Amino acid sequence: MNRASEEEPNEKRSGADRGAPEAPPGDPRAGAPLPTRLYRRRWFIVLLFSSYSLCNSYQWIQYGIINNIFMKFYGVETFTIDWMSMIYMLTYIPLIFPVTWLLDKKGLRVIALAATALNCAGTWIKVASVRPDLFPVTFLGQFCCSLAQVFILGMPARTASVWFGSDEVSTACSIGVFGNQLGCAIGFLLPPILVPNVDDLDELAHHIRVMFYITAGVATFLFILVVFVFQERPPLPPTLAQATARCIPAEEYSYVASILRLLRNRPFVLLILTYGLNVGCYYAVGTLLNRMIISHYPNEEVNAGRIGLTIIVSGMVGSLICGLWLDRTKTYKQTTLAVYLMSLVGMIVYTATLDQGHLWVVFITAGSLGFFMTGYLPLGFEFAVELTYPESEGTSSGLLNCSAQVFGIIFTICQGKIIDAYGTLAGNIFLCVFLLIGTVMTGREADVGSGLWSHGPPRPDAARFLSTLTNQTLVSTNKSLQILARLSEAQRTRPLAKGEAWM
């Protein structure tokens, strides 16, 4: 096929009137503007990335959502099974910096091959671990999958910027994050269905083995697909910014200097902290969801998975809506603050309704929590790119994810201990407090980052919007905390009445 036929109908290839960059001296095209073009294959690339991200993130919660079943099969404590999820967070922290350096030096294809190879190896190790005395082997398999995740989490923004036009990049980034969220959703839904809570260990081993074989087959297929199909970058850049980046010699880029510049960028440092607080709370809720639901609704493992599915699916809708909204409006700051505020409100409402004995209400409140808390993920990535341009998207995304993993481990361990000692209400209030802190910090970022907007300073109406929204945040959270205090005084635990659970 002629490459010209792949060009989008409304995309101009190049033009000096558009300020296109010129080729560097010594290049045969020196003095001529560099062409840009969008290729239809960009959608296949981002969907392939989204698919293997899905396969990996599915395994993050694969053990935690049926925590009690794996405890019985392997004869280990609940905190040990919690580490099957937290290992994803722990491995990310020391490895993200070398992996980001590798992404900058070797590009997307090498990172994609490493991710899918490690993920594939981990799934087959798990297949060989289905015996009650082989918990260390299944942990090794999960460890390999957690290594693969390091090569995945920082790629959505980079893949979007390398392959997509400026008016599509937020949507493409949301699709990349969408795969990760859909994998988590499947991880909440399928394990309780595939592995029922039976007493016969041989039958239980059969169900676990079937689940592991399905995962290994999908991971192997995706690895083969990446080997033969995944491309490093399009022949021509999609935007003028990417065309300019290709003109910069590799030896002029310093990864260490880039990190130091980012850490001196005060608005971005605040974003690192607020992003970590929000996503760390999300990780804690996901990891401990089974324990929270089972404590109030015994023998409801399947519905615990469905609630997790509800959180993720509503979050996927939120992610796509936020991505489309940012592409249309470019209101990064206002949208981020609004979504952060609603994440706090959603967590407060979820906390207040969890122990009321009506599982259908928990489905609704958990869905509203997921819409905003999970929908915040692509916002953080894109806002980081906006604050840190022209630094590498992989570096900024890596720092955001590193913060999320650190807070995720801290929150999961602390909330788990609080739940064991004081119950789920106290554990969820613990998360609400930190979401409140993150909301206030996000509001204060407006003062610090007012001079760093890519499209000019905020308009007066936008400034009034931020001020009003910050005031509403404080009023709403004060009222919500008063409600929680009254609920805490009146808290009671009672067994669920027959037929009261929603199926």
# chains A, B, ... in the order shown; residues from 1 in each chain; ligands from 1
call {"tool": "residues_around", "arguments": {"residues": "stretch 221-231 of chain A", "least_positions_apart": "5", "cutoff": "7 Å", "atoms": "only C-alpha atoms", "output": "list in words"}}
result
Ile45, Tyr52, Arg109, Leu113, Thr116, Ala117 and Cys120 of chain A
call {"tool": "closest_atom_pairs", "arguments": {"of": "stretch 132-151 of chain A", "to": "stretch 81-99 of chain A", "cutoff": "7 Å", "atoms": "only C-alpha atoms", "output": "tab-separated table"}}
result
residue	atom	partner	partner_atom	distance
A:Phe139	CA	A:Met84	CA	6.9
A:Gln142	CA	A:Met84	CA	6.8
A:Phe143	CA	A:Ile87	CA	6.6
A:Ser146	CA	A:Tyr88	CA	4.5
A:Leu147	CA	A:Thr91	CA	6.4
A:Val150	CA	A:Tyr92	CA	5.4
A:Phe151	CA	A:Val99	CA	6.5
call {"tool": "select_by_dssp", "arguments": {"residues": "stretch 163-343 of chain A", "states": "helix (DSSP H, G or I)", "output": "VMD selection string"}}
result
chain A and resid 163 169 to 194 201 to 229 240 to 246 250 to 252 255 to 263 266 to 296 301 to 329 332 to 343
call {"tool": "closest_atom_pairs", "arguments": {"of": "stretch 264-303 of chain A", "to": "stretch 380-400 of chain A", "cutoff": "9 Å", "atoms": "only C-alpha atoms", "output": "JSON lines"}}
result
{"residue": "A:Asn265", "atom": "CA", "partner": "A:Thr388", "partner_atom": "CA", "distance": 7.8}
{"residue": "A:Pro267", "atom": "CA", "partner": "A:Leu387", "partner_atom": "CA", "distance": 7.3}
{"residue": "A:Phe268", "atom": "CA", "partner": "A:Leu387", "partner_atom": "CA", "distance": 6.4}
{"residue": "A:Leu271", "atom": "CA", "partner": "A:Ala384", "partner_atom": "CA", "distance": 7.4}
{"residue": "A:Ile272", "atom": "CA", "partner": "A:Leu400", "partner_atom": "CA", "distance": 5.2}
{"residue": "A:Leu273", "atom": "CA", "partner": "A:Leu400", "partner_atom": "CA", "distance": 8.2}
{"residue": "A:Tyr275", "atom": "CA", "partner": "A:Gly380", "partner_atom": "CA", "distance": 6.4}
{"residue": "A:Gly276", "atom": "CA", "partner": "A:Leu400", "partner_atom": "CA", "distance": 6.8}
call {"tool": "write_last_selection", "arguments": {"atoms": "N, CA, C and O atoms", "output": "compact mmCIF listing (two decimals), in the first residue's frame"}}
result
# COMPACT_ATOMS: atom_id res chain seq x y z
N ASN A 265 11.29 20.92 39.75
CA ASN A 265 10.03 21.48 39.25
C ASN A 265 8.98 21.34 40.35
O ASN A 265 8.40 20.27 40.54
N PRO A 267 5.82 22.40 40.99
CA PRO A 267 4.47 21.89 40.70
C PRO A 267 4.46 20.39 40.42
O PRO A 267 3.54 19.68 40.84
N PHE A 268 5.49 19.89 39.73
CA PHE A 268 5.53 18.46 39.44
C PHE A 268 5.78 17.65 40.71
O PHE A 268 5.22 16.56 40.88
N LEU A 271 2.60 17.30 42.36
CA LEU A 271 1.79 16.31 41.64
C LEU A 271 2.24 14.90 41.99
O LEU A 271 1.41 13.99 42.14
N ILE A 272 3.55 14.66 42.13
CA ILE A 272 4.05 13.34 42.54
C ILE A 272 3.41 12.92 43.86
O ILE A 272 2.95 11.78 44.02
N LEU A 273 3.37 13.84 44.82
CA LEU A 273 2.81 13.51 46.14
C LEU A 273 1.30 13.27 46.07
O LEU A 273 0.80 12.29 46.62
N TYR A 275 -0.57 12.53 43.44
CA TYR A 275 -0.87 11.34 42.64
C TYR A 275 -0.63 10.09 43.48
O TYR A 275 -1.43 9.15 43.47
N GLY A 276 0.49 10.06 44.22
CA GLY A 276 0.79 8.90 45.05
C GLY A 276 -0.26 8.67 46.12
O GLY A 276 -0.65 7.52 46.38
call {"tool": "atom_distance", "arguments": {"atom1": "atom CA of A:Phe371", "atom2": "atom CA of A:Val339"}}
result
9.1 Å
call {"tool": "residues_around", "arguments": {"residues": "stretch 59-61 of chain A", "least_positions_apart": "2", "cutoff": "8 Å", "atoms": "only C-alpha atoms", "output": "PyMOL selection string"}}
result
chain A and resi 55-57+63-65+84-85+88+142+145-146+183-184+187-188+286-287
call {"tool": "write_last_selection", "arguments": {"atoms": "N, CA and C atoms", "output": "CSV table (one decimal), in the first residue's frame"}}
result
chain,number,residue,atom,x,y,z
A,55,CYS,N,-3.3,-8.2,30.5
A,55,CYS,CA,-2.9,-9.6,30.9
A,55,CYS,C,-2.1,-9.5,32.2
A,56,ASN,N,-1.2,-8.5,32.3
A,56,ASN,CA,-0.4,-8.4,33.4
A,56,ASN,C,-1.1,-7.8,34.7
A,57,SER,N,-1.9,-6.8,34.5
A,57,SER,CA,-2.6,-6.2,35.6
A,57,SER,C,-3.7,-7.2,36.2
A,63,TYR,N,-4.7,-13.2,43.3
A,63,TYR,CA,-4.7,-13.9,44.5
A,63,TYR,C,-5.5,-13.1,45.6
A,64,GLY,N,-5.4,-11.8,45.6
A,64,GLY,CA,-6.0,-11.0,46.7
A,64,GLY,C,-7.5,-11.1,46.7
A,65,ILE,N,-8.2,-11.2,45.6
A,65,ILE,CA,-9.6,-11.2,45.5
A,65,ILE,C,-10.2,-12.5,46.1
A,84,MET,N,1.2,-11.0,47.7
A,84,MET,CA,1.1,-11.3,46.3
A,84,MET,C,0.7,-10.2,45.5
A,85,SER,N,0.0,-9.2,46.1
A,85,SER,CA,-0.4,-8.0,45.4
A,85,SER,C,0.6,-6.9,45.6
A,88,TYR,N,3.9,-6.4,43.5
A,88,TYR,CA,3.8,-5.6,42.3
A,88,TYR,C,4.3,-4.1,42.6
A,142,GLN,N,4.7,-14.9,40.5
A,142,GLN,CA,4.1,-13.6,40.7
A,142,GLN,C,5.2,-12.5,40.7
A,145,CYS,N,5.9,-11.7,37.1
A,145,CYS,CA,4.9,-10.8,36.5
A,145,CYS,C,5.0,-9.4,37.1
A,146,SER,N,5.4,-9.3,38.3
A,146,SER,CA,5.6,-7.9,38.9
A,146,SER,C,6.8,-7.2,38.2
A,183,GLY,N,-7.8,-5.1,32.9
A,183,GLY,CA,-7.2,-6.3,33.5
A,183,GLY,C,-7.5,-6.4,35.0
A,184,CYS,N,-7.5,-5.3,35.7
A,184,CYS,CA,-7.9,-5.4,37.1
A,184,CYS,C,-9.3,-5.8,37.3
A,187,GLY,N,-9.5,-9.4,36.8
A,187,GLY,CA,-8.9,-10.0,38.0
A,187,GLY,C,-9.8,-10.0,39.2
A,188,PHE,N,-10.7,-9.0,39.3
A,188,PHE,CA,-11.7,-9.1,40.3
A,188,PHE,C,-12.9,-10.1,40.0
A,286,GLY,N,-8.2,-1.9,46.5
A,286,GLY,CA,-8.3,-3.1,45.7
A,286,GLY,C,-7.7,-4.4,46.4
A,287,THR,N,-6.5,-4.2,47.0
A,287,THR,CA,-5.9,-5.3,47.7
A,287,THR,C,-6.7,-5.9,48.8
call {"tool": "atom_distance", "arguments": {"atom1": "atom CA of A:Ser51", "atom2": "atom CA of A:Leu277"}}
result
27.1 Å
call {"tool": "atom_distance", "arguments": {"atom1": "atom CA of A:Thr138", "atom2": "atom CA of A:Val210"}}
result
14.5 Å
call {"tool": "closest_residue", "arguments": {"among": "A:Val279, A:Cys144, A:Leu288, A:Ile111", "to": "A:Thr78", "atoms": "only C-alpha atoms"}}
result
A:Leu288
call {"tool": "residues_around", "arguments": {"residues": "A:Tyr74", "least_positions_apart": "3", "cutoff": "9 Å", "atoms": "only C-alpha atoms", "output": "list in words"}}
result
Ile69, Phe70, Met71, Arg131, Pro132, Asp133, Leu134 and Phe135 of chain A
call {"tool": "closest_residue", "arguments": {"among": "A:Gly346, A:Gly357, A:Pro237, A:Gly443", "to": "A:Leu431", "atoms": "only C-alpha atoms"}}
result
A:Gly346
call {"tool": "residues_around", "arguments": {"residues": "A:Leu190", "least_positions_apart": "5", "cutoff": "10 Å", "atoms": "only C-alpha atoms", "output": "ChimeraX atom specification"}}
result
/A:58,62,65,185,195,211,302,305-306,309
call {"tool": "write_last_selection", "arguments": {"atoms": "C-alpha atoms", "output": "PDB file, in the first residue's frame"}}
result
ATOM      1  CA  TYR A  58      -5.173  -9.078  35.819  1.00  0.00           C
ATOM      2  CA  GLN A  62      -5.608 -12.603  41.068  1.00  0.00           C
ATOM      3  CA  ILE A  65      -9.613 -11.205  45.546  1.00  0.00           C
ATOM      4  CA  ALA A 185     -11.596  -5.670  36.450  1.00  0.00           C
ATOM      5  CA  VAL A 195     -11.916 -21.031  41.737  1.00  0.00           C
ATOM      6  CA  MET A 211      -7.152 -20.526  35.878  1.00  0.00           C
ATOM      7  CA  VAL A 302     -18.175 -13.808  44.207  1.00  0.00           C
ATOM      8  CA  GLY A 305     -15.235  -9.774  42.933  1.00  0.00           C
ATOM      9  CA  ARG A 306     -18.269  -8.163  41.332  1.00  0.00           C
ATOM     10  CA  LEU A 309     -15.412  -5.237  38.787  1.00  0.00           C
TER      11      LEU A 309
END
call {"tool": "closest_residue", "arguments": {"among": "A:Pro136, A:Gly427, A:Gly165, A:Gly408", "to": "A:Thr36", "atoms": "only C-alpha atoms"}}
result
A:Gly165
call {"tool": "closest_residue", "arguments": {"among": "A:Thr374, A:Thr274, A:Gln415, A:Thr442", "to": "A:Ala338", "atoms": "only C-alpha atoms"}}
result
A:Thr442
